[in-house]
file data-v4.cif (mmCIF, C-alpha atoms)
data_model
loop_
_atom_site.label_atom_id
_atom_site.label_comp_id
_atom_site.auth_asym_id
_atom_site.auth_seq_id
_atom_site.Cartn_x
_atom_site.Cartn_y
_atom_site.Cartn_z
CA SER Q 286 81.76 80.68 124.75
CA ALA Q 287 84.67 82.46 126.49
CA TRP Q 288 82.49 85.48 127.13
CA SER Q 289 79.70 83.31 128.55
CA GLU Q 290 82.16 81.52 130.84
CA HIS Q 291 83.88 84.58 132.28
CA ALA Q 292 81.16 87.24 132.16
CA ALA Q 293 78.10 85.17 132.99
CA GLY Q 294 77.67 86.87 136.36
CA ILE Q 295 77.66 90.40 134.96
CA GLY Q 296 74.22 91.91 134.47
CA PRO Q 297 73.16 93.04 130.97
CA GLY Q 298 73.53 96.67 129.98
CA ILE Q 299 74.32 99.03 127.12
CA GLY Q 300 77.91 99.47 128.29
CA LEU Q 301 78.46 95.73 128.48
CA ALA Q 302 77.04 95.21 124.99
CA ARG Q 303 79.29 97.97 123.66
CA ASP Q 304 82.39 96.47 125.31
CA ARG Q 305 81.54 93.01 124.05
CA ALA Q 306 81.16 94.26 120.48
CA ALA Q 307 84.43 96.19 120.68
CA LEU Q 308 86.29 93.22 122.16
CA ARG Q 309 84.92 90.87 119.55
CA ALA Q 310 85.98 93.22 116.75
CA ALA Q 311 89.47 93.57 118.27
CA VAL Q 312 89.95 89.82 118.62
CA ARG Q 313 88.71 89.25 115.08
CA ARG Q 314 91.17 91.87 113.81
CA GLU Q 315 94.08 90.18 115.56
CA VAL Q 316 93.12 86.71 114.34
CA LEU Q 317 92.89 87.93 110.75
CA ARG Q 318 96.15 89.83 111.02
CA GLU Q 319 98.05 86.88 112.41
CA ALA Q 320 96.57 84.64 109.74
CA GLN Q 321 98.53 86.80 107.31
CA GLU Q 322 101.73 87.19 109.34
CA PRO Q 323 102.85 86.11 112.82
CA LEU Q 324 102.99 88.56 115.69
CA VAL Q 325 106.76 88.02 115.80
CA PRO Q 326 108.39 86.80 112.56
CA GLY Q 327 109.58 83.23 112.87
CA PHE Q 328 107.55 82.52 116.01
CA ARG Q 329 104.33 80.54 116.35
CA PRO Q 330 102.04 79.95 119.34
CA ALA Q 331 103.22 76.86 121.24
CA ARG Q 332 101.25 77.13 124.48
CA LEU Q 333 98.01 78.94 125.25
CA GLU Q 334 96.85 79.80 128.78
CA TRP Q 335 99.95 78.07 130.15
CA ALA Q 336 99.58 77.90 133.94
CA PHE Q 337 102.21 77.53 136.63
CA GLY Q 338 101.60 76.97 140.33
CA MET Q 339 98.00 75.97 139.64
CA GLN Q 340 96.19 72.62 139.61
CA GLY Q 341 99.26 70.74 140.75
CA ASP Q 342 101.74 72.44 138.40
CA PRO Q 343 104.93 73.64 140.10
CA PRO Q 344 105.07 77.34 141.01
CA LEU Q 345 107.79 79.86 140.28
CA LEU Q 346 109.95 79.92 143.42
CA LEU Q 347 111.77 83.13 144.30
CA GLY Q 348 114.24 83.70 147.11
CA ALA Q 349 116.64 81.55 149.08
CA ASP Q 350 116.01 77.96 150.12
CA GLY Q 351 113.80 77.79 153.17
CA ASP Q 352 112.52 81.32 152.70
CA GLU Q 353 111.04 81.10 149.23
CA VAL Q 354 108.01 82.84 147.77
CA ALA Q 355 105.81 80.70 145.52
CA VAL Q 356 104.32 82.62 142.58
CA ARG Q 357 101.53 81.31 140.42
CA GLY Q 358 100.04 82.65 137.22
CA GLN Q 359 98.69 81.93 133.77
CA VAL Q 360 100.47 83.06 130.62
CA ASP Q 361 98.11 83.91 127.78
CA ARG Q 362 100.54 82.84 125.07
CA LEU Q 363 104.01 81.39 124.70
CA ASP Q 364 105.33 81.58 121.13
CA THR Q 365 108.44 79.68 120.07
CA ASP Q 366 110.67 79.48 117.01
CA ALA Q 367 112.49 76.56 115.39
CA ALA Q 368 115.47 77.07 117.69
CA GLY Q 369 113.31 76.75 120.81
CA ARG Q 370 113.53 80.43 121.72
CA ALA Q 371 110.36 82.01 123.10
CA VAL Q 372 108.42 85.21 123.47
CA VAL Q 373 105.76 85.64 126.16
CA VAL Q 374 102.55 87.43 125.10
CA ASP Q 375 99.87 88.76 127.43
CA TYR Q 376 96.65 90.25 126.06
CA LYS Q 377 95.39 93.50 127.57
CA TRP Q 378 92.07 95.24 126.96
CA ALA Q 379 93.84 98.59 126.92
CA SER Q 380 95.70 100.97 124.64
CA HIS Q 381 99.45 101.05 124.06
CA ASP Q 382 99.87 104.38 125.87
CA ARG Q 383 98.78 102.81 129.16
CA TYR Q 384 102.19 101.13 129.31
CA SER Q 385 104.31 104.09 128.19
CA SER Q 386 106.01 104.17 131.63
CA LEU Q 387 106.46 100.42 131.88
CA GLU Q 388 110.16 100.48 132.78
CA ARG Q 389 109.54 102.88 135.67
CA ARG Q 390 106.58 100.83 136.87
CA ILE Q 391 108.69 97.66 136.86
CA ARG Q 392 111.41 99.43 138.82
CA GLU Q 393 108.87 100.68 141.37
CA GLY Q 394 107.20 97.28 141.62
CA SER Q 395 103.76 98.33 140.38
CA ASP Q 396 103.83 96.21 137.20
CA LEU Q 397 105.88 93.03 137.49
CA GLN Q 398 103.77 90.71 135.37
CA LEU Q 399 106.02 90.50 132.31
CA PRO Q 400 109.32 89.95 134.16
CA LEU Q 401 107.69 87.30 136.36
CA TYR Q 402 106.19 85.55 133.34
CA ALA Q 403 109.60 85.62 131.65
CA LEU Q 404 111.20 84.06 134.73
CA ALA Q 405 108.49 81.40 134.90
CA ALA Q 406 108.84 80.50 131.23
CA ALA Q 407 112.61 80.24 131.47
CA ARG Q 408 112.70 78.19 134.67
CA LEU Q 409 109.59 76.05 134.35
CA ALA Q 410 109.12 75.67 130.59
CA GLY Q 411 112.85 75.51 129.93
CA VAL Q 412 112.88 78.00 127.06
CA ASP Q 413 115.23 80.84 126.17
CA VAL Q 414 112.96 83.88 126.54
CA LEU Q 415 113.85 86.69 124.13
CA ALA Q 416 111.04 89.03 125.20
CA ALA Q 417 107.81 89.36 127.12
CA GLY Q 418 105.17 91.77 125.94
CA TYR Q 419 101.67 93.15 126.22
CA LEU Q 420 99.44 93.02 123.15
CA THR Q 421 97.00 95.88 123.66
CA LEU Q 422 93.78 94.92 121.93
CA LYS Q 423 92.21 98.39 121.76
CA ASP Q 424 94.81 99.49 119.21
CA GLY Q 425 96.52 96.24 118.19
CA ARG Q 426 99.99 97.33 119.34
CA THR Q 427 102.68 95.79 121.52
CA ARG Q 428 104.84 96.90 124.41
CA TRP Q 429 107.85 94.66 124.96
CA VAL Q 430 110.39 93.94 127.65
CA ARG Q 431 113.36 92.97 125.47
CA LEU Q 432 115.64 90.41 127.10
CA GLY Q 433 118.07 89.19 124.47
CA PRO Q 434 119.59 89.74 121.02
CA GLY Q 435 116.98 89.45 118.28
CA ALA Q 436 114.11 90.40 120.59
CA PRO Q 437 111.09 92.07 118.98
CA GLY Q 438 110.38 95.72 119.66
CA THR Q 439 112.07 99.08 119.24
CA ARG Q 440 114.14 101.50 121.28
CA TYR Q 441 110.90 102.78 122.78
CA ASP Q 442 110.32 99.44 124.52
CA VAL Q 443 111.97 98.31 127.74
CA ASP Q 444 115.42 97.26 126.57
CA TRP Q 445 117.45 94.88 128.74
CA THR Q 446 119.46 93.40 125.86
CA ASP Q 447 122.90 94.65 126.95
CA ALA Q 448 125.20 91.90 128.20
CA GLY Q 449 124.11 90.81 131.66
CA ALA Q 450 121.31 93.39 131.89
CA ALA Q 451 118.41 90.94 131.70
CA ASP Q 452 119.80 88.67 134.41
CA GLU Q 453 120.48 91.66 136.66
CA ARG Q 454 117.03 93.23 136.18
CA LEU Q 455 115.16 89.94 136.57
CA ALA Q 456 117.10 89.20 139.75
CA ALA Q 457 116.11 92.65 141.05
CA VAL Q 458 112.45 91.87 140.31
CA ALA Q 459 112.72 88.58 142.21
CA ASP Q 460 114.31 90.36 145.18
CA LEU Q 461 111.55 92.97 145.14
CA VAL Q 462 108.82 90.32 145.23
CA VAL Q 463 110.50 88.57 148.17
CA ALA Q 464 110.84 91.89 150.02
CA ARG Q 465 107.19 92.84 149.39
CA ASP Q 466 106.07 89.42 150.59
CA ALA Q 467 108.08 89.84 153.79
CA ASP Q 468 106.50 93.27 154.36
CA ILE Q 469 102.99 91.86 154.00
CA ARG Q 470 103.69 88.92 156.31
CA SER Q 471 105.08 91.27 158.94
CA GLY Q 472 101.94 93.41 158.80
CA ARG Q 473 103.46 96.32 156.91
CA ILE Q 474 100.97 97.29 154.23
CA ASP Q 475 101.43 100.91 153.23
CA VAL Q 476 98.25 102.76 152.28
CA ASP Q 477 99.62 104.14 149.03
CA PRO Q 478 97.99 102.66 145.91
CA ALA Q 479 100.21 102.98 142.85
CA ASP Q 480 97.24 102.94 140.48
CA GLU Q 481 94.01 104.21 141.98
CA GLY Q 482 92.18 103.18 138.82
CA ARG Q 483 92.36 99.63 140.14
CA CYS Q 484 90.95 100.46 143.56
CA SER Q 485 87.36 99.91 142.48
CA TRP Q 486 88.20 96.27 141.68
CA CYS Q 487 89.96 95.60 144.99
CA ALA Q 488 88.32 93.03 147.27
CA TYR Q 489 89.47 95.05 150.29
CA LEU Q 490 88.11 98.43 149.18
CA ASP Q 491 85.78 98.72 152.18
CA LEU Q 492 88.66 98.09 154.58
CA CYS Q 493 91.18 100.41 152.95
CA ARG Q 494 92.29 103.46 154.90
CA LYS Q 495 93.59 105.58 152.02
CA GLU Q 496 90.99 108.32 152.43
CA GLU Q 497 91.64 108.63 156.18
CA VAL Q 498 95.42 108.62 155.71
CA ARG Q 499 95.23 111.52 153.26
CA ARG Q 500 93.19 113.77 155.53
#

call {"tool": "encode", "arguments": {"input": "data-v4.cif", "output": "structure tokens"}}
result
Amino acid sequence: SAWSEHAAGIGPGIGLARDRAALRAAVRREVLREAQEPLVPGFRPARLEWAFGMQGDPPLLLGADGDEVAVRGQVDRLDTDAAGRAVVVDYKWASHDRYSSLERRIREGSDLQLPLYALAAARLAGVDVLAAGYLTLKDGRTRWVRLGPGAPGTRYDVDWTDAGAADERLAAVADLVVARDADIRSGRIDVDPADEGRCSWCAYLDLCRKEEVRR
């Protein structure tokens, strides 16, 4: 039913059938695995497709009073433990290696989803967020941004668990979003895509000047 709802407008084809079969197998694998053991020991799904800033729900507000940026989104999963601590989970139809440079991409501002979701969960859902992570369905692995003691993940994940590190990094992400918003509103939109693999999905592809700029 989910496939019919979200992919109804896509024409049939061999590639689509292949992707659907692969996605179905991946989802089935994850469901069976989590039936045996939770994704994060001690945590269970508490909210699914939790939205903020949509359909009347309050947004995540970043910046100073009077000059705030309202951010909206939808968190795939919010898992909590008995103490009320939480981990944010976002599903990706990708492999783990795609996010091998996640810390750099967060610093550069090209992948802010997990920090923003962590901020939203903490401020709007009122939970203590230990980590936010991508669950990559093509290989069933995770890539975490670790925010506090006891967070899931390893030293290969983004580790902000040192005292004060998470607050400092999340504040830097909020400042970056506010600065980028100000740039856009002032008309400054640099023609410099961070991930050209996404260009084909951009609604403004026909208006983009990246090819002319590079000549």

call {"tool": "resolve_selection", "arguments": {"input": "data-v4.cif", "expression": "the PyMOL selection byres ((chain Q and resi 327) around 9)", "output": "NGL selection string"}}
result
:Q and (323-326 or 328-329 or 365-367)

call {"tool": "atom_distance", "arguments": {"input": "data-v4.cif", "atom1": "CA of Trp378 in chain Q", "atom2": "CA of Leu422 in chain Q"}}
result
5.3 Å

call {"tool": "atom_distance", "arguments": {"input": "data-v4.cif", "atom1": "CA of Leu461 in chain Q", "atom2": "CA of His381 in chain Q"}}
result
25.6 Å

call {"tool": "residues_around", "arguments": {"input": "data-v4.cif", "residues": "Val412 in chain Q", "least_positions_apart": "5", "cutoff": "7 Å", "atoms": "only C-alpha atoms", "output": "list in words"}}
result
Gly369, Arg370, Ala371, Ala406 and Ala407 of chain Q

call {"tool": "residues_around", "arguments": {"input": "data-v4.cif", "residues": "range 308-313 of chain Q", "least_positions_apart": "4", "cutoff": "12 Å", "atoms": "all atoms listed in the file", "output": "ChimeraX atom specification"}}
result
/Q:286-288,301-304,317-320,376-380,420-426

call {"tool": "atom_distance", "arguments": {"input": "data-v4.cif", "atom1": "CA of Ala464 in chain Q", "atom2": "CA of Val443 in chain Q"}}
result
23.2 Å

call {"tool": "residues_around", "arguments": {"input": "data-v4.cif", "residues": "Glu393 in chain Q", "least_positions_apart": "2", "cutoff": "12 Å", "atoms": "all atoms listed in the file", "output": "PyMOL selection string"}}
result
chain Q and resi 386-391+395-397+457-458+461-462+465+478-480

call {"tool": "closest_residue", "arguments": {"input": "data-v4.cif", "among": "Q:Val476, Q:Asp382, Q:Thr439, Q:Arg431", "to": "Leu490 in chain Q", "atoms": "only C-alpha atoms"}}
result
Q:Val476

call {"tool": "residues_around", "arguments": {"input": "data-v4.cif", "residues": "Val372 in chain Q", "least_positions_apart": "2", "cutoff": "9 Å", "atoms": "all atoms listed in the file", "output": "list in words"}}
result
Val325, Phe328, Arg362, Leu363, Asp364, Thr365, Asp366, Arg370, Val374, Ala403, Asp413, Val414, Leu415, Ala416, Ala417, Gly418, Ala436 and Pro437 of chain Q

call {"tool": "closest_residue", "arguments": {"input": "data-v4.cif", "among": "Q:Leu492, Q:Val356, Q:Ile299, Q:Ala448", "to": "Asp466 in chain Q", "atoms": "only C-alpha atoms"}}
result
Q:Val356

call {"tool": "residues_around", "arguments": {"input": "data-v4.cif", "residues": "Leu346 in chain Q", "least_positions_apart": "3", "cutoff": "10 Å", "atoms": "all atoms listed in the file", "output": "ChimeraX atom specification"}}
result
/Q:338,343,349-350,352-357,404-405,408-409,459,463

call {"tool": "resolve_selection", "arguments": {"input": "data-v4.cif", "expression": "the PyMOL selection byres ((chain Q and resi 445) around 9)", "output": "PDB file with C-alpha atoms, keeping the file's coordinate frame"}}
result
ATOM      1  CA  VAL Q 430     110.390  93.940 127.650  1.00  0.00           C
ATOM      2  CA  ARG Q 431     113.360  92.970 125.470  1.00  0.00           C
ATOM      3  CA  LEU Q 432     115.640  90.410 127.100  1.00  0.00           C
ATOM      4  CA  GLY Q 433     118.070  89.190 124.470  1.00  0.00           C
ATOM      5  CA  VAL Q 443     111.970  98.310 127.740  1.00  0.00           C
ATOM      6  CA  ASP Q 444     115.420  97.260 126.570  1.00  0.00           C
ATOM      7  CA  THR Q 446     119.460  93.400 125.860  1.00  0.00           C
ATOM      8  CA  ASP Q 447     122.900  94.650 126.950  1.00  0.00           C
ATOM      9  CA  ALA Q 448     125.200  91.900 128.200  1.00  0.00           C
ATOM     10  CA  GLY Q 449     124.110  90.810 131.660  1.00  0.00           C
ATOM     11  CA  ALA Q 450     121.310  93.390 131.890  1.00  0.00           C
ATOM     12  CA  ALA Q 451     118.410  90.940 131.700  1.00  0.00           C
ATOM     13  CA  ASP Q 452     119.800  88.670 134.410  1.00  0.00           C
ATOM     14  CA  ARG Q 454     117.030  93.230 136.180  1.00  0.00           C
TER      15      ARG Q 454
END

call {"tool": "residues_near_point", "arguments": {"input": "data-v4.cif", "point": "(106.2, 101.3, 117.4)", "cutoff": "9 Å", "atoms": "only C-alpha atoms", "output": "short mmCIF file (atom, residue, chain, number, x, y, z; two decimals) with C-alpha atoms, in the coordinates of the input"}}
result
data_model
loop_
_atom_site.label_atom_id
_atom_site.label_comp_id
_atom_site.auth_asym_id
_atom_site.auth_seq_id
_atom_site.Cartn_x
_atom_site.Cartn_y
_atom_site.Cartn_z
CA ARG Q 426 99.99 97.33 119.34
CA THR Q 427 102.68 95.79 121.52
CA ARG Q 428 104.84 96.90 124.41
CA GLY Q 438 110.38 95.72 119.66
CA THR Q 439 112.07 99.08 119.24
CA ARG Q 440 114.14 101.50 121.28
CA TYR Q 441 110.90 102.78 122.78
CA ASP Q 442 110.32 99.44 124.52
#
